[in-house]
Amino acid sequence: DLSPVQQRNLEKCWQCKVIDRTGLILEIFGKRASSHEGRLQVEFAALTYQRSRLIRAWTHLERQRGGYGFLGGPGESQIESDRRQIDRRLKQIRKKLSSVVKNRRLQRNARSRIPFPIVALVGYTNAGKSTLFNRLTQANVLAKDQLFSTLDPTMRRLELPSGQSVILSDTVGFISNIPTQLIAAFRATLEEVVAADLILNVRDISHPEHSAQNKNVHNTLINIGIDVGQTGKLIDVLNKTDRLSSQENHELSFKAHGNPCQIAVSAKKGTGLYHLLTSLENHLFMDHEILEFSVGVGNGEAVAWLYRHGNVLSRSQTDQNVQMRVSINGRSKARFDQLFGLKQA
């Protein structure tokens, strides 16, 4: 990154516009943002960045005290005017983003009443998260070989091999030394990751710097309050194996064998995805069992309770009973028996 003075000196020397790394990232984000929320987040980050660099834009004006009485020079006046305008706009956006955070919290509370675990895709930018998301959910999220193709979180229901369901969330890609303005602006988006039951860290295993990228992702997760060392919280998805040689694939398979927290896949070719889905089941439903219940048709309260606290895989009905096949953990099963005293089918 460049200081404001360095940026202005380079522009004077080269006679062209100069932007530093943070400015470039913000420019890319500005082009990628498509939703109202995304545009607000990018504008907030850009204005926060610009506010600290106002002096550079007005150093061509006199900044010494002059004129009558306490009046300052034209440069000083223009800087203060611009700063007030930016502060006013930042206040407006901050208020709107607070509403975004509140709405997302309400949405998460609503989802918590549906017994589907949340699985969040994270990873370095251009690691193949959206391609994997599309392959698993048959969605049509924009997936391109470019930086930050996804800015807005997208959620879809994903059915696992046993018939159980999870909610899969695609999120913004991470980068090394992520600007603090972006972390602050995208807080609402990153909170979706914090609230997830399981995190899939998608890695471009074919990239020569994949280890350094993985370290940066871990640092970002730690910065937003996630314990990356927590057992069962994080699975490494080693993506883009189709770009590896046969020897490299063999070595990777040998390394990942027996490690339930490392799954080698190719989102583009579809290889390794069944193994990934069964791994999700093992992590999320290891304390669940699939049981069949027979509930009287008049006992709507018991039926509703099973929908709230279990994952209903199938349901059929006769004149007298509702037959339900439910994935439920032991504690919820014991609570159901205590409340309703019903026997399994």
# chains A, B, ... in the order shown; residues from 1 in each chain; ligands from 1

$ residues_around --residues "Lys17 of chain A" --least-positions-apart "5" --cutoff "10 Å" --atoms "only C-alpha atoms" --output "MDAnalysis selection string"
chainID A and resid 7:8 10:12

$ residues_around --residues "Asn103 of chain A" --least-positions-apart "3" --cutoff "12 Å" --atoms "only C-alpha atoms" --output "ChimeraX atom specification"
/A:37,96-100,106-110,188-189,191-192

$ write_last_selection --atoms "all heavy atoms" --output "tab-separated table (two decimals), in the first residue's frame"
chain	number	residue	atom	x	y	z
A	37	GLU	N	-27.23	-4.54	-1.09
A	37	GLU	CA	-26.39	-4.74	0.09
A	37	GLU	C	-24.91	-4.71	-0.27
A	37	GLU	O	-24.10	-4.07	0.40
A	37	GLU	CB	-26.74	-6.07	0.76
A	37	GLU	CG	-25.86	-6.42	1.93
A	37	GLU	CD	-26.11	-7.84	2.43
A	37	GLU	OE1	-27.23	-8.34	2.24
A	37	GLU	OE2	-25.19	-8.43	2.99
A	96	LYS	N	-27.87	2.17	7.28
A	96	LYS	CA	-28.46	1.16	6.40
A	96	LYS	C	-27.82	-0.21	6.63
A	96	LYS	O	-28.52	-1.23	6.62
A	96	LYS	CB	-28.30	1.58	4.94
A	96	LYS	CG	-29.13	2.80	4.57
A	96	LYS	CD	-28.91	3.20	3.11
A	96	LYS	CE	-29.75	4.42	2.74
A	96	LYS	NZ	-29.52	4.84	1.33
A	97	LEU	N	-26.51	-0.23	6.85
A	97	LEU	CA	-25.83	-1.51	7.10
A	97	LEU	C	-26.26	-2.10	8.44
A	97	LEU	O	-26.29	-3.33	8.59
A	97	LEU	CB	-24.31	-1.33	7.05
A	97	LEU	CG	-23.71	-1.13	5.66
A	97	LEU	CD1	-22.20	-0.90	5.75
A	97	LEU	CD2	-24.00	-2.31	4.75
A	98	SER	N	-26.57	-1.26	9.40
A	98	SER	CA	-27.09	-1.77	10.67
A	98	SER	C	-28.40	-2.50	10.45
A	98	SER	O	-28.67	-3.53	11.08
A	98	SER	CB	-27.30	-0.61	11.66
A	98	SER	OG	-26.07	-0.02	12.00
A	99	SER	N	-29.22	-1.97	9.53
A	99	SER	CA	-30.47	-2.65	9.19
A	99	SER	C	-30.19	-3.98	8.51
A	99	SER	O	-30.89	-4.97	8.73
A	99	SER	CB	-31.31	-1.76	8.27
A	99	SER	OG	-31.69	-0.57	8.91
A	100	VAL	N	-29.14	-4.01	7.66
A	100	VAL	CA	-28.75	-5.25	6.99
A	100	VAL	C	-28.34	-6.30	8.03
A	100	VAL	O	-28.76	-7.46	7.96
A	100	VAL	CB	-27.59	-5.00	6.01
A	100	VAL	CG1	-27.01	-6.32	5.50
A	100	VAL	CG2	-28.07	-4.16	4.84
A	106	LEU	N	-32.24	-11.68	11.96
A	106	LEU	CA	-33.61	-12.20	11.96
A	106	LEU	C	-33.74	-13.42	11.04
A	106	LEU	O	-34.42	-14.40	11.37
A	106	LEU	CB	-34.59	-11.11	11.51
A	106	LEU	CG	-34.80	-9.94	12.48
A	106	LEU	CD1	-35.66	-8.86	11.84
A	106	LEU	CD2	-35.44	-10.42	13.78
A	107	GLN	N	-33.07	-13.37	9.88
A	107	GLN	CA	-33.09	-14.50	8.96
A	107	GLN	C	-32.43	-15.73	9.58
A	107	GLN	O	-32.92	-16.85	9.43
A	107	GLN	CB	-32.40	-14.13	7.65
A	107	GLN	CG	-33.17	-13.11	6.81
A	107	GLN	CD	-32.34	-12.56	5.68
A	107	GLN	OE1	-31.18	-12.94	5.47
A	107	GLN	NE2	-32.91	-11.62	4.92
A	108	ARG	N	-31.30	-15.50	10.29
A	108	ARG	CA	-30.63	-16.63	10.95
A	108	ARG	C	-31.51	-17.22	12.05
A	108	ARG	O	-31.57	-18.43	12.23
A	108	ARG	CB	-29.28	-16.19	11.53
A	108	ARG	CG	-28.19	-16.05	10.50
A	108	ARG	CD	-26.82	-15.99	11.16
A	108	ARG	NE	-26.69	-14.80	12.00
A	108	ARG	CZ	-26.29	-13.63	11.57
A	108	ARG	NH1	-25.99	-13.46	10.30
A	108	ARG	NH2	-26.18	-12.60	12.39
A	109	ASN	N	-32.20	-16.34	12.79
A	109	ASN	CA	-33.11	-16.84	13.83
A	109	ASN	C	-34.24	-17.66	13.23
A	109	ASN	O	-34.65	-18.68	13.79
A	109	ASN	CB	-33.68	-15.67	14.63
A	109	ASN	CG	-32.65	-15.00	15.51
A	109	ASN	OD1	-31.63	-15.59	15.84
A	109	ASN	ND2	-32.89	-13.75	15.89
A	110	ALA	N	-34.73	-17.21	12.07
A	110	ALA	CA	-35.78	-17.96	11.39
A	110	ALA	C	-35.25	-19.31	10.92
A	110	ALA	O	-35.94	-20.33	11.03
A	110	ALA	CB	-36.33	-17.16	10.21
A	188	ALA	N	-21.66	-7.98	7.96
A	188	ALA	CA	-22.92	-8.72	7.87
A	188	ALA	C	-22.74	-10.02	7.10
A	188	ALA	O	-23.31	-11.06	7.44
A	188	ALA	CB	-23.99	-7.85	7.20
A	189	THR	N	-21.93	-9.96	6.03
A	189	THR	CA	-21.66	-11.16	5.23
A	189	THR	C	-20.84	-12.17	6.01
A	189	THR	O	-21.13	-13.37	6.02
A	189	THR	CB	-20.93	-10.77	3.94
A	189	THR	OG1	-21.76	-9.88	3.18
A	189	THR	CG2	-20.61	-11.99	3.10
A	191	GLU	N	-20.62	-12.55	9.17
A	191	GLU	CA	-21.35	-13.14	10.30
A	191	GLU	C	-22.05	-14.44	9.90
A	191	GLU	O	-22.31	-15.28	10.75
A	191	GLU	CB	-22.37	-12.13	10.85
A	191	GLU	CG	-21.74	-11.07	11.74
A	191	GLU	CD	-22.77	-10.13	12.33
A	191	GLU	OE1	-23.96	-10.25	11.98
A	191	GLU	OE2	-22.38	-9.27	13.15
A	192	GLU	N	-22.36	-14.59	8.61
A	192	GLU	CA	-22.95	-15.85	8.15
A	192	GLU	C	-21.97	-17.01	8.35
A	192	GLU	O	-22.38	-18.14	8.63
A	192	GLU	CB	-23.34	-15.74	6.67
A	192	GLU	CG	-24.40	-14.69	6.36
A	192	GLU	CD	-25.76	-15.05	6.92
A	192	GLU	OE1	-25.96	-16.20	7.32
A	192	GLU	OE2	-26.63	-14.15	6.96

$ closest_residue --among "A:Ile28, A:Met286, A:Cys13, A:Glu281" --to "Ser162 of chain A" --atoms "only C-alpha atoms"
A:Glu281

$ residues_around --residues "His283 of chain A" --least-positions-apart "6" --cutoff "9 Å" --atoms "only C-alpha atoms" --output "PyMOL selection string"
chain A and resi 198+232-233+260

$ residues_around --residues "Leu47 of chain A" --least-positions-apart "5" --cutoff "9 Å" --atoms "only C-alpha atoms" --output "MDAnalysis selection string"
chainID A and resid 42 52 86:87 89:90

$ residues_around --residues "Ala139 of chain A" --least-positions-apart "2" --cutoff "12 Å" --atoms "only C-alpha atoms" --output "VMD selection string"
chain A and resid 130 to 137 141 to 143 154 to 158 168 to 170

$ write_last_selection --atoms "N, CA, C and O atoms" --output "CSV table (one decimal), in the first residue's frame"
chain,number,residue,atom,x,y,z
A,130,SER,N,-17.6,-21.0,-5.8
A,130,SER,CA,-18.9,-20.9,-6.5
A,130,SER,C,-19.1,-22.1,-7.5
A,130,SER,O,-20.2,-22.6,-7.6
A,131,THR,N,-18.0,-22.6,-8.1
A,131,THR,CA,-18.1,-23.8,-8.9
A,131,THR,C,-18.6,-25.0,-8.1
A,131,THR,O,-19.4,-25.8,-8.6
A,132,LEU,N,-18.0,-25.1,-6.9
A,132,LEU,CA,-18.4,-26.2,-6.1
A,132,LEU,C,-19.8,-26.1,-5.6
A,132,LEU,O,-20.6,-27.0,-5.6
A,133,PHE,N,-20.2,-24.8,-5.2
A,133,PHE,CA,-21.6,-24.6,-4.8
A,133,PHE,C,-22.6,-24.9,-5.9
A,133,PHE,O,-23.6,-25.6,-5.7
A,134,ASN,N,-22.3,-24.5,-7.2
A,134,ASN,CA,-23.2,-24.9,-8.3
A,134,ASN,C,-23.3,-26.4,-8.5
A,134,ASN,O,-24.3,-26.9,-8.8
A,135,ARG,N,-22.1,-27.0,-8.4
A,135,ARG,CA,-22.1,-28.5,-8.7
A,135,ARG,C,-22.9,-29.2,-7.7
A,135,ARG,O,-23.6,-30.2,-8.0
A,136,LEU,N,-22.8,-28.8,-6.4
A,136,LEU,CA,-23.5,-29.5,-5.3
A,136,LEU,C,-25.0,-29.2,-5.3
A,136,LEU,O,-25.8,-30.1,-5.0
A,137,THR,N,-25.4,-28.0,-5.6
A,137,THR,CA,-26.8,-27.6,-5.4
A,137,THR,C,-27.5,-27.4,-6.7
A,137,THR,O,-28.7,-27.1,-6.7
A,141,VAL,N,-25.1,-19.8,-9.6
A,141,VAL,CA,-24.3,-18.7,-9.1
A,141,VAL,C,-23.2,-18.4,-10.1
A,141,VAL,O,-22.5,-19.3,-10.6
A,142,LEU,N,-22.9,-17.1,-10.3
A,142,LEU,CA,-21.8,-16.7,-11.2
A,142,LEU,C,-20.5,-17.3,-10.7
A,142,LEU,O,-20.0,-17.2,-9.6
A,143,ALA,N,-19.8,-18.1,-11.6
A,143,ALA,CA,-18.6,-18.7,-11.3
A,143,ALA,C,-17.6,-18.5,-12.5
A,143,ALA,O,-17.8,-19.0,-13.6
A,154,THR,N,-24.9,-16.4,-1.0
A,154,THR,CA,-26.1,-17.1,-1.6
A,154,THR,C,-26.3,-18.4,-0.8
A,154,THR,O,-25.3,-19.1,-0.5
A,155,MET,N,-27.5,-18.8,-0.5
A,155,MET,CA,-27.8,-20.0,0.2
A,155,MET,C,-28.8,-20.9,-0.6
A,155,MET,O,-29.7,-20.4,-1.2
A,156,ARG,N,-28.5,-22.2,-0.5
A,156,ARG,CA,-29.4,-23.2,-1.1
A,156,ARG,C,-29.4,-24.4,-0.3
A,156,ARG,O,-28.5,-24.7,0.5
A,157,ARG,N,-30.6,-25.1,-0.4
A,157,ARG,CA,-30.7,-26.4,0.3
A,157,ARG,C,-30.0,-27.5,-0.4
A,157,ARG,O,-30.0,-27.6,-1.6
A,158,LEU,N,-29.2,-28.3,0.3
A,158,LEU,CA,-28.5,-29.4,-0.2
A,158,LEU,C,-28.9,-30.7,0.4
A,158,LEU,O,-28.9,-30.8,1.6
A,168,LEU,N,-26.5,-24.8,2.4
A,168,LEU,CA,-25.1,-24.5,1.9
A,168,LEU,C,-25.0,-23.0,1.6
A,168,LEU,O,-25.9,-22.5,0.8
A,169,SER,N,-24.0,-22.3,2.1
A,169,SER,CA,-23.8,-20.9,1.9
A,169,SER,C,-22.5,-20.6,1.2
A,169,SER,O,-21.5,-21.1,1.6
A,170,ASP,N,-22.6,-19.8,0.1
A,170,ASP,CA,-21.4,-19.4,-0.7
A,170,ASP,C,-21.1,-18.0,-0.3
A,170,ASP,O,-22.0,-17.1,-0.2

$ residues_around --residues "Ser176 of chain A" --least-positions-apart "3" --cutoff "8 Å" --atoms "only C-alpha atoms" --output "PyMOL selection string"
chain A and resi 213+216-217

$ atom_distance --atom1 "atom CA of Gly38 of chain A" --atom2 "atom CA of Lys102 of chain A"
15.5 Å

$ closest_residue --among "A:Asp287, A:Asn311, A:Gln6, A:Phe293" --to "Arg331 of chain A" --atoms "only C-alpha atoms"
A:Asp287

$ atom_distance --atom1 "atom CA of Ala212 of chain A" --atom2 "atom CA of Ala127 of chain A"
13.1 Å

$ select_by_dssp --residues "segment 89-299 of chain A" --states "helix (DSSP H, G or I)" --output "number ranges by chain"
A: 89-112, 129-137, 180-185, 187-194, 210-223, 241-243, 246-256, 273-284

$ closest_residue --among "A:Ser165, A:Val194, A:His257, A:Gly341" --to "Ser314 of chain A" --atoms "only C-alpha atoms"
A:Ser165

$ closest_residue --among "A:Leu160, A:His250, A:Val101, A:Val193" --to "Ile222 of chain A" --atoms "only C-alpha atoms"
A:Val193

$ closest_residue --among "A:Gly173, A:Gly272, A:Pro161, A:Gly300" --to "Leu190 of chain A" --atoms "only C-alpha atoms"
A:Gly173
